[in-house]
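Raw contents of final-v8.csv, CSV, C-alpha atoms:
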```
chain,number,residue,atom,x,y,z
X,1,MET,CA,101.6,-74.5,236.8
X,2,GLU,CA,101.2,-72.5,233.6
X,3,ARG,CA,103.4,-73.6,230.7
X,4,ILE,CA,106.2,-71.1,230.3
X,5,LEU,CA,107.4,-72.3,226.8
X,6,THR,CA,106.1,-73.9,223.6
X,7,ILE,CA,108.5,-75.3,221.1
X,8,SER,CA,106.7,-74.9,217.8
X,9,ILE,CA,107.8,-77.1,214.9
X,10,PRO,CA,106.2,-76.7,211.5
X,11,THR,CA,107.0,-79.6,209.2
X,12,TRP,CA,106.2,-81.2,205.9
X,13,ASN,CA,107.4,-84.6,204.5
X,14,ARG,CA,110.5,-84.8,206.7
X,15,ALA,CA,109.6,-87.6,209.2
X,16,GLY,CA,113.2,-88.7,209.5
X,17,LEU,CA,114.6,-85.3,210.3
X,18,LEU,CA,111.6,-84.5,212.6
X,19,ALA,CA,112.2,-87.7,214.6
X,20,GLU,CA,115.7,-86.7,215.5
X,21,LEU,CA,114.7,-83.3,216.7
X,22,LEU,CA,111.7,-84.6,218.7
X,23,GLN,CA,113.9,-87.1,220.4
X,24,GLN,CA,116.3,-84.4,221.5
X,25,VAL,CA,113.4,-82.2,222.8
X,26,VAL,CA,111.7,-85.1,224.6
X,27,ASP,CA,115.0,-86.0,226.3
X,28,GLU,CA,115.6,-82.5,227.5
X,29,ILE,CA,112.0,-82.1,228.8
X,30,LEU,CA,112.2,-85.4,230.7
X,31,VAL,CA,115.6,-84.9,232.3
X,32,ASN,CA,114.6,-81.5,233.6
X,33,ASN,CA,111.1,-82.6,234.7
X,34,TYR,CA,109.5,-80.0,232.5
X,35,GLU,CA,106.5,-82.0,231.5
X,36,ALA,CA,104.2,-79.3,233.0
X,37,ARG,CA,106.3,-76.4,231.9
X,38,VAL,CA,107.1,-77.0,228.3
X,39,GLU,CA,104.8,-77.9,225.4
X,40,VAL,CA,105.8,-79.3,222.0
X,41,MET,CA,103.5,-78.2,219.2
X,42,VAL,CA,104.0,-79.9,215.8
X,43,SER,CA,102.1,-78.5,212.9
X,44,ASP,CA,102.1,-80.9,210.0
X,45,ASN,CA,101.4,-79.3,206.6
X,46,ALA,CA,99.6,-82.3,205.1
X,47,SER,CA,102.6,-84.6,204.9
X,48,GLU,CA,102.5,-87.6,202.7
X,49,ASP,CA,105.1,-89.6,204.6
X,50,SER,CA,105.1,-91.1,208.1
X,51,THR,CA,105.0,-87.8,210.0
X,52,LYS,CA,101.4,-88.4,211.3
X,53,GLU,CA,102.3,-91.9,212.7
X,54,LEU,CA,105.5,-90.6,214.2
X,55,VAL,CA,104.0,-87.7,216.1
X,56,GLN,CA,100.8,-89.6,217.2
X,57,GLY,CA,103.0,-92.4,218.6
X,58,LEU,CA,104.9,-89.9,220.7
X,59,GLN,CA,101.7,-88.2,221.7
X,60,SER,CA,100.3,-91.4,223.1
X,61,ARG,CA,103.3,-91.5,225.5
X,62,TYR,CA,103.9,-87.8,226.4
X,63,SER,CA,101.1,-85.4,227.3
X,64,PHE,CA,103.2,-82.4,226.5
X,65,ILE,CA,103.2,-83.1,222.8
X,66,ASN,CA,100.4,-81.5,220.7
X,67,TYR,CA,99.8,-82.2,217.1
X,68,ASN,CA,98.0,-80.2,214.4
X,69,ARG,CA,97.6,-81.6,210.9
X,70,ASN,CA,96.4,-79.2,208.2
X,71,ALA,CA,93.8,-80.7,205.8
X,72,THR,CA,95.8,-79.4,202.9
X,73,ASN,CA,99.2,-77.8,202.4
X,74,ILE,CA,98.6,-74.2,203.4
X,75,GLY,CA,102.1,-72.9,202.5
X,76,ALA,CA,105.3,-72.6,204.5
X,77,LYS,CA,104.6,-69.2,205.9
X,78,SER,CA,101.1,-69.9,207.1
X,79,ASN,CA,102.2,-73.2,208.7
X,80,VAL,CA,105.0,-71.4,210.6
X,81,LEU,CA,102.5,-68.8,211.8
X,82,LYS,CA,99.9,-71.4,212.7
X,83,SER,CA,102.4,-73.4,214.8
X,84,MET,CA,103.2,-70.3,216.8
X,85,GLU,CA,99.6,-69.0,217.1
X,86,MET,CA,98.5,-72.4,218.5
X,87,ALA,CA,101.1,-72.4,221.3
X,88,SER,CA,99.8,-72.6,224.8
X,89,GLY,CA,103.0,-71.5,226.5
X,90,GLN,CA,103.6,-67.9,227.6
X,91,TYR,CA,106.6,-67.8,225.2
X,92,VAL,CA,107.2,-69.7,222.0
X,93,ILE,CA,110.4,-70.7,220.2
X,94,PHE,CA,110.1,-71.7,216.5
X,95,MET,CA,112.4,-74.5,215.4
X,96,GLY,CA,112.6,-76.0,211.9
X,97,ASP,CA,112.5,-79.8,211.6
X,98,ASP,CA,116.1,-79.5,210.3
X,99,ASP,CA,117.3,-77.7,213.5
X,100,ARG,CA,118.9,-79.4,216.4
X,101,LEU,CA,118.7,-78.6,220.2
X,102,GLN,CA,121.8,-78.2,222.2
X,103,LYS,CA,121.9,-80.3,225.4
X,104,GLY,CA,121.2,-78.1,228.4
X,105,ALA,CA,119.8,-75.2,226.4
X,106,LEU,CA,116.2,-75.8,227.4
X,107,LYS,CA,117.0,-75.5,231.1
X,108,LYS,CA,118.7,-72.1,230.5
X,109,ILE,CA,115.7,-70.8,228.5
X,110,VAL,CA,113.1,-71.9,231.1
X,111,GLU,CA,115.1,-70.6,234.0
X,112,PHE,CA,115.7,-67.2,232.4
X,113,LEU,CA,112.1,-66.7,231.3
X,114,SER,CA,110.7,-67.7,234.7
X,115,SER,CA,112.9,-65.1,236.4
X,116,HIS,CA,112.3,-62.3,233.9
X,117,PRO,CA,108.5,-61.6,233.6
X,118,ASP,CA,109.3,-58.3,231.8
X,119,CYS,CA,110.8,-60.2,228.8
X,120,GLY,CA,109.1,-59.5,225.5
X,121,THR,CA,111.6,-61.3,223.3
X,122,LEU,CA,114.7,-63.4,224.4
X,123,ILE,CA,117.4,-63.5,221.8
X,124,ASP,CA,120.2,-66.1,221.8
X,125,HIS,CA,123.1,-64.2,220.4
X,126,LYS,CA,125.9,-66.7,221.1
X,127,ASP,CA,126.4,-67.5,217.4
X,128,PHE,CA,125.9,-64.0,216.0
X,129,LYS,CA,128.9,-63.1,213.9
X,130,ARG,CA,128.6,-59.4,214.9
X,131,ARG,CA,127.3,-59.4,218.4
X,132,ARG,CA,128.3,-56.0,219.7
X,133,LEU,CA,126.0,-56.6,222.7
X,134,ASN,CA,126.5,-58.3,226.0
X,135,ASP,CA,124.6,-60.9,228.0
X,136,GLY,CA,121.9,-59.2,230.0
X,137,ASP,CA,121.8,-56.2,227.7
X,138,THR,CA,118.3,-54.8,227.0
X,139,PRO,CA,118.6,-52.8,223.9
X,140,SER,CA,115.8,-50.6,222.6
X,141,LEU,CA,113.9,-52.0,219.6
X,142,THR,CA,115.7,-49.6,217.2
X,143,GLU,CA,119.1,-50.3,218.7
X,144,TYR,CA,118.5,-54.0,218.2
X,145,LEU,CA,117.2,-53.7,214.7
X,146,GLU,CA,120.1,-51.7,213.4
X,147,ARG,CA,122.5,-54.4,214.6
X,148,HIS,CA,120.6,-57.6,214.1
X,149,TYR,CA,117.4,-57.1,212.1
X,150,TRP,CA,118.1,-60.3,210.0
X,151,ASN,CA,118.8,-62.4,213.1
X,152,MET,CA,115.5,-61.5,214.8
X,153,GLY,CA,113.5,-64.0,212.7
X,154,ASN,CA,115.9,-66.9,212.4
X,155,ALA,CA,114.5,-70.2,213.7
X,156,GLY,CA,115.9,-71.2,217.1
X,157,PHE,CA,117.3,-67.8,218.0
X,158,PHE,CA,114.3,-65.7,219.1
X,159,ILE,CA,111.7,-66.5,221.9
X,160,PRO,CA,108.9,-63.9,222.0
X,161,ARG,CA,105.6,-63.7,223.9
X,162,THR,CA,103.0,-66.0,222.3
X,163,ALA,CA,100.4,-63.3,222.9
X,164,TYR,CA,102.0,-61.2,220.1
X,165,PHE,CA,101.2,-63.9,217.5
X,166,ARG,CA,97.6,-64.3,218.8
X,167,GLN,CA,96.9,-60.6,218.8
X,168,TYR,CA,98.4,-59.5,215.5
X,169,LEU,CA,97.3,-62.6,213.4
X,170,ARG,CA,93.8,-61.9,214.7
X,171,GLN,CA,94.1,-58.2,214.0
X,172,TYR,CA,95.7,-58.3,210.5
X,173,GLY,CA,95.3,-61.9,209.2
X,174,TYR,CA,97.9,-64.2,207.8
X,175,ASP,CA,97.9,-62.6,204.3
X,176,PHE,CA,99.2,-59.2,205.7
X,177,PHE,CA,102.5,-60.7,206.8
X,178,ASN,CA,105.6,-61.1,204.7
X,179,GLU,CA,106.5,-64.4,203.0
X,180,CYS,CA,109.9,-64.8,204.6
X,181,TRP,CA,109.8,-62.8,207.7
X,182,PRO,CA,106.3,-62.7,209.3
X,183,GLN,CA,107.8,-63.7,212.7
X,184,THR,CA,110.0,-60.7,212.6
X,185,GLN,CA,107.2,-58.3,211.8
X,186,ILE,CA,105.0,-59.7,214.6
X,187,GLN,CA,107.8,-59.4,217.1
X,188,ILE,CA,108.4,-55.8,216.1
X,189,LEU,CA,104.7,-54.9,216.4
X,190,GLY,CA,104.6,-56.6,219.8
X,191,LEU,CA,107.6,-54.8,221.2
X,192,PHE,CA,106.7,-51.5,219.6
X,193,ASN,CA,103.2,-51.5,221.1
X,194,ASN,CA,104.3,-52.9,224.5
X,195,PRO,CA,107.3,-50.6,225.4
X,196,ALA,CA,107.5,-52.1,228.9
X,197,ASP,CA,108.4,-55.5,227.4
X,198,LYS,CA,112.2,-55.8,227.0
X,199,ILE,CA,114.5,-57.4,224.5
X,200,TYR,CA,117.0,-59.6,226.4
X,201,MET,CA,120.3,-60.8,225.0
X,202,GLN,CA,121.7,-64.1,226.3
X,203,SER,CA,124.5,-66.4,225.1
X,204,ILE,CA,122.4,-69.6,225.5
X,205,GLY,CA,123.6,-71.7,222.6
X,206,ILE,CA,120.3,-73.2,221.6
X,207,HIS,CA,121.4,-74.8,218.4
X,208,ALA,CA,123.4,-77.9,218.2
X,209,GLU,CA,124.8,-78.6,214.7
X,210,SER,CA,121.9,-77.8,212.4
X,211,MET,CA,120.9,-79.9,209.4
X,212,HIS,CA,119.8,-76.7,207.6
X,213,GLY,CA,122.9,-76.4,205.5
X,214,GLU,CA,122.5,-80.0,204.3
X,215,VAL,CA,118.8,-79.8,203.3
X,216,MET,CA,118.3,-76.2,202.0
X,217,GLN,CA,119.3,-75.5,198.4
X,218,TYR,CA,121.1,-72.1,198.5
X,219,THR,CA,120.7,-70.0,195.3
X,220,SER,CA,121.1,-66.4,194.3
X,221,LEU,CA,117.3,-66.0,194.3
X,222,TYR,CA,117.0,-67.5,197.8
X,223,LEU,CA,119.7,-65.2,199.2
X,224,TRP,CA,118.4,-62.1,197.5
X,225,ARG,CA,114.9,-62.7,198.7
X,226,THR,CA,115.6,-63.8,202.3
X,227,CYS,CA,118.6,-61.6,203.1
X,228,TYR,CA,117.7,-58.4,201.4
X,229,TYR,CA,114.5,-57.9,199.4
X,230,ASP,CA,112.0,-59.4,201.8
X,231,LEU,CA,113.6,-57.7,204.8
X,232,GLN,CA,113.1,-54.4,203.0
X,233,LEU,CA,109.5,-55.4,202.1
X,234,SER,CA,108.9,-56.4,205.8
X,235,ALA,CA,110.0,-53.0,207.1
X,236,ASP,CA,108.0,-51.1,204.4
X,237,ALA,CA,104.8,-53.0,205.2
X,238,ILE,CA,104.8,-52.1,208.9
X,239,ARG,CA,106.2,-48.6,208.6
X,240,ASP,CA,102.8,-46.9,208.9
X,241,ILE,CA,101.8,-48.9,212.0
X,242,THR,CA,105.1,-48.5,213.8
X,243,ASN,CA,107.1,-45.3,213.1
X,244,ILE,CA,109.8,-43.8,211.0
X,245,HIS,CA,112.5,-44.6,213.6
X,246,VAL,CA,111.8,-48.4,213.4
X,247,TRP,CA,111.9,-48.3,209.6
X,248,GLU,CA,115.2,-46.3,209.6
X,249,ALA,CA,116.8,-48.7,212.0
X,250,CYS,CA,115.9,-51.6,209.6
X,251,ARG,CA,117.3,-49.5,206.8
X,252,ARG,CA,120.6,-48.9,208.6
X,253,TYR,CA,121.0,-52.7,209.1
X,254,LEU,CA,120.3,-53.4,205.4
X,255,LYS,CA,122.7,-50.8,204.0
X,256,GLY,CA,125.4,-51.9,206.4
X,257,SER,CA,125.1,-55.5,205.3
X,258,LEU,CA,124.8,-54.9,201.6
X,259,VAL,CA,128.4,-55.6,200.6
X,260,GLN,CA,128.4,-59.0,202.3
X,261,GLN,CA,125.0,-59.8,200.8
X,262,VAL,CA,126.2,-59.0,197.3
X,263,PHE,CA,129.2,-61.3,197.8
X,264,ASN,CA,126.9,-64.1,199.1
X,265,ILE,CA,124.4,-63.7,196.2
X,266,LEU,CA,127.1,-63.7,193.6
X,267,GLN,CA,128.9,-66.7,195.1
X,268,CYS,CA,125.8,-68.8,194.5
X,269,GLY,CA,124.8,-67.0,191.3
X,270,ILE,CA,128.1,-67.4,189.5
X,271,PHE,CA,129.3,-70.7,190.7
X,272,VAL,CA,126.2,-72.8,191.5
X,273,ASP,CA,123.0,-71.5,189.8
X,274,SER,CA,121.6,-72.7,186.5
X,275,ALA,CA,120.9,-70.2,183.8
X,276,GLU,CA,117.2,-70.4,184.7
X,277,ILE,CA,117.8,-69.4,188.3
X,278,LYS,CA,120.2,-66.6,187.3
X,279,GLY,CA,117.6,-65.2,185.0
X,280,LYS,CA,114.9,-65.3,187.7
X,281,THR,CA,117.3,-63.4,190.1
X,282,ARG,CA,118.1,-60.8,187.5
X,283,LYS,CA,114.5,-60.3,186.6
X,284,HIS,CA,113.3,-60.0,190.2
X,285,ILE,CA,116.0,-57.5,191.1
X,286,LEU,CA,115.2,-55.3,188.1
X,287,GLN,CA,111.5,-55.5,188.8
X,288,HIS,CA,112.0,-54.3,192.3
X,289,ILE,CA,115.1,-52.1,192.3
X,290,GLY,CA,113.0,-48.9,192.5
X,291,MET,CA,111.8,-49.7,196.0
X,292,PHE,CA,115.3,-49.1,197.4
X,293,PRO,CA,115.7,-45.4,198.1
X,294,SER,CA,119.4,-44.9,197.9
X,295,VAL,CA,121.6,-44.6,194.7
X,296,TYR,CA,124.2,-46.7,196.5
X,297,GLU,CA,121.9,-49.6,196.8
X,298,LYS,CA,120.7,-49.4,193.2
X,299,LEU,CA,124.3,-49.4,192.0
X,300,MET,CA,125.2,-52.4,194.1
X,301,LEU,CA,122.1,-54.3,192.9
X,302,LEU,CA,123.0,-53.5,189.3
X,303,VAL,CA,126.4,-55.1,190.0
X,304,ILE,CA,124.6,-58.4,190.7
X,305,VAL,CA,122.5,-58.1,187.6
X,306,ILE,CA,125.5,-57.5,185.4
X,307,ALA,CA,127.6,-60.3,187.0
X,308,LEU,CA,124.7,-62.8,186.5
X,309,TRP,CA,124.3,-61.6,182.9
X,310,LEU,CA,128.0,-62.3,181.9
X,311,PRO,CA,128.9,-65.6,180.3
X,312,GLY,CA,129.7,-68.2,182.9
X,313,GLY,CA,133.4,-68.6,182.2
X,314,ILE,CA,134.1,-64.9,182.3
X,315,ALA,CA,132.0,-64.5,185.5
X,316,LYS,CA,133.8,-67.3,187.3
X,317,VAL,CA,137.3,-65.9,186.5
X,318,LEU,CA,136.2,-62.4,187.6
X,319,GLY,CA,134.5,-63.8,190.7
X,320,LYS,CA,137.5,-65.8,191.9
X,321,ALA,CA,139.8,-62.8,191.2
X,322,ALA,CA,137.5,-60.5,193.2
X,323,THR,CA,137.2,-63.0,196.1
X,324,TYR,CA,141.0,-63.3,196.3
X,325,LEU,CA,141.6,-59.6,196.2
X,326,ILE,CA,138.9,-58.9,198.9
X,327,LYS,CA,139.2,-61.9,201.2
X,328,GLY,CA,142.6,-63.4,200.4
X,329,LYS,CA,143.6,-67.0,199.9
X,330,ALA,CA,141.6,-68.2,202.9
X,331,GLY,CA,138.4,-66.5,201.6
X,332,LEU,CA,138.9,-68.1,198.2
X,333,ASN,CA,139.4,-71.5,199.8
X,334,ASN,CA,136.2,-71.0,201.9
X,335,MET,CA,134.3,-70.1,198.8
X,336,ASN,CA,135.5,-73.1,196.9
X,337,THR,CA,134.5,-75.4,199.8
X,338,PHE,CA,131.0,-73.8,199.9
X,339,VAL,CA,130.5,-74.1,196.2
X,340,ALA,CA,131.5,-77.8,196.1
X,341,HIS,CA,129.1,-78.5,198.9
X,342,GLU,CA,126.2,-76.7,197.2
X,343,LEU,CA,126.9,-78.5,193.9
X,344,GLN,CA,126.7,-81.8,195.7
X,345,LYS,CA,123.4,-80.9,197.2
X,346,LYS,CA,122.1,-79.7,193.9
X,347,ASP,CA,123.1,-83.1,192.4
X,348,ARG,CA,121.3,-84.9,195.2
X,349,ASN,CA,118.2,-82.8,194.7
X,350,ILE,CA,118.1,-83.6,191.0
X,351,LYS,CA,118.1,-87.2,192.0
X,352,ALA,CA,114.8,-86.6,193.9
X,353,SER,CA,115.9,-86.2,197.6
X,354,LYS,CA,112.6,-84.9,199.0
X,355,ALA,CA,114.4,-83.6,202.1
X,356,ILE,CA,116.4,-81.0,200.1
X,357,ARG,CA,114.3,-77.9,199.5
X,358,GLN,CA,114.5,-74.7,197.5
X,359,LEU,CA,112.8,-71.5,198.6
X,360,GLU,CA,109.0,-71.9,198.4
X,361,PHE,CA,106.3,-69.2,198.6
X,362,GLU,CA,102.6,-69.3,199.5
X,363,LYS,CA,100.5,-71.1,197.0
```

Go through the file and emit its structure as C-alpha cells.
Amino acid sequence: MERILTISIPTWNRAGLLAELLQQVVDEILVNNYEARVEVMVSDNASEDSTKELVQGLQSRYSFINYNRNATNIGAKSNVLKSMEMASGQYVIFMGDDDRLQKGALKKIVEFLSSHPDCGTLIDHKDFKRRRLNDGDTPSLTEYLERHYWNMGNAGFFIPRTAYFRQYLRQYGYDFFNECWPQTQIQILGLFNNPADKIYMQSIGIHAESMHGEVMQYTSLYLWRTCYYDLQLSADAIRDITNIHVWEACRRYLKGSLVQQVFNILQCGIFVDSAEIKGKTRKHILQHIGMFPSVYEKLMLLVIVIALWLPGGIAKVLGKAATYLIKGKAGLNNMNTFVAHELQKKDRNIKASKAIRQLEFEK
C-alpha cells in the first residue's frame, strides 16, 4: 500500500525537543497500525548534539522512520525544503522539532486524505483566530489567500501534495524561494497550476501545546520579517508566474492585517528589544518601505520607525497608553504577561540556552 503521508521534521541541535515529538509520532503510528501508511522523515542540519544517535536508534526499531543528515549546515530554509522534497508519501506535513502532535490527529488526517483524492492542500483551521470558513469548505486559491495567507505556511497546519515540492524545486531551484515562506510559494504554484486540486478546510486540531513559544526569541525584526515583509516579498516573487489575482489576494490579506502587525511589532520593539535590534528593524523597514505600493502602508510603517527611534522611557509610556486605549485593561494585562515571558526567554538565551533561537537566514 502506497504511503499516504510523510511527517517531515527538519532539525538542528535540539535532540531533547526532537525526542519528545518523535515519541508522540511513533505512538500515533503504532496505535493506528499506520506503519505502511505514514513515513517520518527527519532531516538533520549537521547537528553537533545527540540527534544522530537518537534518530538512528529509532530507525533500527521502526522501518517507517527515514533519516537524512546534511554534511554541513545548509541553512534553515533549505533544510525545511529538503525534508519535504525527500518525502515518499503522497502528502507531506512539515512539523518543527518544537511542535507537538495532538493525540488522535494523525488518524483524522490519514482518513481524510484517503477519502479525498482531489485534495491539493489540507488546511487545519481549528486554531485560526479568524476562520470565516467552515469544515468541508473548498475555497478558491484567491479566496483562501485573502483570508489566511499567513496561515498557509505555518508548520503543522498545512498538508500539501508532495509532488508540488518535487516539481517546483526541480524547476526553479532552492535559491528562488523566499527565506521565510518557501512552503507557501510552492503550495500556491501547485494549486494555481493544478486547478482541479482543491483546498480543503478541516478542524483537525493537529497541534498539542507547542514548545515554539518557549524556544523562539520574538523580536520586532522577527515579526516584521515573518509577518509582513517576507509575505510581500513572497507574493512579488511569484506574481509573474501566477497572475495578478493571486497577488492581489495576498495584498488584501496583508493590508487587512497591518494594524495588528504594527501592534505586535511595537510590543516587542518597545518593551523587549535591545537598542541594536531596534536599529536593525528601523533600518530594514526604511530600506524596503518603497516596495509597498500604498500610502497607507508607508505611513503605518513609518509609525514603527518613529516609535522605535524614541527614547525607551517615552516609548514605553506611550506604548502602554496606546494599548490601554485600543485594547483596554485586559489587553494591557495580556501585553505585560507577554513582555515578561519574552524577557525571561531573552535572559535564558543570554545564558547560552542553545534551544532558544532567533530568526536565522540562509548562510

Discussion item. Between X:Lys198, X:Arg239, X:Lys255, X:Arg69, which residue has the minimum interatomic distance to Glu53 of chain X, considering all atoms listed in the file?
Written reply: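 Using all atoms listed in the file, Glu53 of chain X sits closest to X:Arg69.
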
Item to complete: Using only C-alpha atoms, determine which residues lie at most 6 Å from segment 78-95 of chain X, disregarding the query and same-chain residues fewer than 3 positions distant; provide the list as a list in words.
Response: Arg3, Ile4, Leu5, Thr6, Ile7, Ser8, Ile9, Pro10, Ser43, Gly75, Ala155, Gly156, Ile159, Pro160, Arg161, Thr162, Phe165 and Arg166 of chain X

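If you look at atom CA of Tyr228 of chain X and atom CA of Ala321 of chain X, they are 24.7 Å away from each other.
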
Show me the residues close to (108.2, -53.2, 221.2) - anything with an atom within 10 Å, counting all atoms listed in the file - and format the list as a short mmCIF file (atom, residue, chain, number, x, y, z; two decimals) with C-alpha atoms, keeping the file's coordinate frame.
```
data_model
loop_
_atom_site.label_atom_id
_atom_site.label_comp_id
_atom_site.auth_asym_id
_atom_site.auth_seq_id
_atom_site.Cartn_x
_atom_site.Cartn_y
_atom_site.Cartn_z
CA GLY X 120 109.10 -59.50 225.50
CA THR X 121 111.60 -61.30 223.30
CA SER X 140 115.80 -50.60 222.60
CA LEU X 141 113.90 -52.00 219.60
CA THR X 142 115.70 -49.60 217.20
CA ILE X 186 105.00 -59.70 214.60
CA GLN X 187 107.80 -59.40 217.10
CA ILE X 188 108.40 -55.80 216.10
CA LEU X 189 104.70 -54.90 216.40
CA GLY X 190 104.60 -56.60 219.80
CA LEU X 191 107.60 -54.80 221.20
CA PHE X 192 106.70 -51.50 219.60
CA ASN X 193 103.20 -51.50 221.10
CA ASN X 194 104.30 -52.90 224.50
CA PRO X 195 107.30 -50.60 225.40
CA ALA X 196 107.50 -52.10 228.90
CA ASP X 197 108.40 -55.50 227.40
CA LYS X 198 112.20 -55.80 227.00
CA ILE X 199 114.50 -57.40 224.50
CA THR X 242 105.10 -48.50 213.80
CA VAL X 246 111.80 -48.40 213.40
#
```

Worksheet item: For the atom pair atom CA of His284 of chain X and atom CA of Asn264 of chain X, what is the interatomic distance in Å to one decimal place?
Response: 16.8 Å

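For the residues X:Ser50, X:Thr184, X:Asn154, X:Ser114, ranking by smallest atom-to-atom distance to Asp99 of chain X using all atoms listed in the file places X:Asn154 first.
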
Discussion item. List the spatial neighbours of Gly57 of chain X as an NGL selection string - criterion: any atom at most 12 Å away, all atoms listed in the file, same-chain residues fewer than 4 positions off excluded.
Written reply: :X and (19 or 22 or 50-53 or 61-63 or 65-67)

Practice prompt. Could you please give me, as a ChimeraX atom specification, the residues of protein, DNA or RNA lying at most 10 Å from (93.9, -66.7, 207.7) in the coordinate frame of the file, considering only C-alpha atoms?
Written response: /X:74,78,81-82,169-170,172-176

With C-alpha atoms retained, could you export that selection as an mmCIF file, in the frame of the given file?
```cif
data_model
loop_
_atom_site.group_PDB
_atom_site.id
_atom_site.type_symbol
_atom_site.label_atom_id
_atom_site.label_comp_id
_atom_site.auth_asym_id
_atom_site.auth_seq_id
_atom_site.Cartn_x
_atom_site.Cartn_y
_atom_site.Cartn_z
ATOM 1 C CA ILE X 74 98.600 -74.200 203.400
ATOM 2 C CA SER X 78 101.100 -69.900 207.100
ATOM 3 C CA LEU X 81 102.500 -68.800 211.800
ATOM 4 C CA LYS X 82 99.900 -71.400 212.700
ATOM 5 C CA LEU X 169 97.300 -62.600 213.400
ATOM 6 C CA ARG X 170 93.800 -61.900 214.700
ATOM 7 C CA TYR X 172 95.700 -58.300 210.500
ATOM 8 C CA GLY X 173 95.300 -61.900 209.200
ATOM 9 C CA TYR X 174 97.900 -64.200 207.800
ATOM 10 C CA ASP X 175 97.900 -62.600 204.300
ATOM 11 C CA PHE X 176 99.200 -59.200 205.700
#
```

Worksheet item: X:Gly328, X:Gly319, X:Gly313, X:Gly104: which is nearest Ala208 of chain X, counting all atoms listed in the file?
Response: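 Closest candidate: X:Gly104.
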
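Proximity to Lys316 of chain X at 12 Å, evaluated using all atoms listed in the file and with sequence-adjacent residues fewer than 5 positions away removed, yields Leu266, Gln267, Cys268, Gly269, Ile270, Phe271, Val272, Asp273, Ala307, Leu308, Trp309, Leu310, Pro311, Ala321, Ala322, Thr323, Met335, Asn336 and Val339 of chain X.
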
Fill in: For Tyr253 of chain X: contacts at 6 Å, all atoms listed in the file, fewer than 3 positions along chain excluded, given as a PyMOL selection string
chain X and resi 146-147+250+256

Worksheet entry | One-decimal distance in Å that lies between atom CA of Tyr144 of chain X and atom CA of Arg252 of chain X |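 About the pair atom CA of Arg252 of chain X and atom CA of Tyr144 of chain X: they are 11.1 Å apart.
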
Fill in: Shortest interatomic distance to Gln183 of chain X - which of X:Leu231, X:Val25, X:Ala249, X:Ala340, counting only C-alpha atoms
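The answer is X:Leu231, which sits nearest to Gln183 of chain X.
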
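Proximity to Met291 of chain X was assessed for X:Asn73, X:Gln217, X:Gln232, X:Thr226 counting all atoms listed in the file; the smallest distance is recorded for X:Gln232.
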
Item to complete: May I ask which of the residues X:Glu297, X:Gly96, X:Thr219, X:Val259 is the closest one to Ala275 of chain X, counting all atoms listed in the file?
Response: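 Ranked by minimum distance to Ala275 of chain X, first place goes to X:Thr219.
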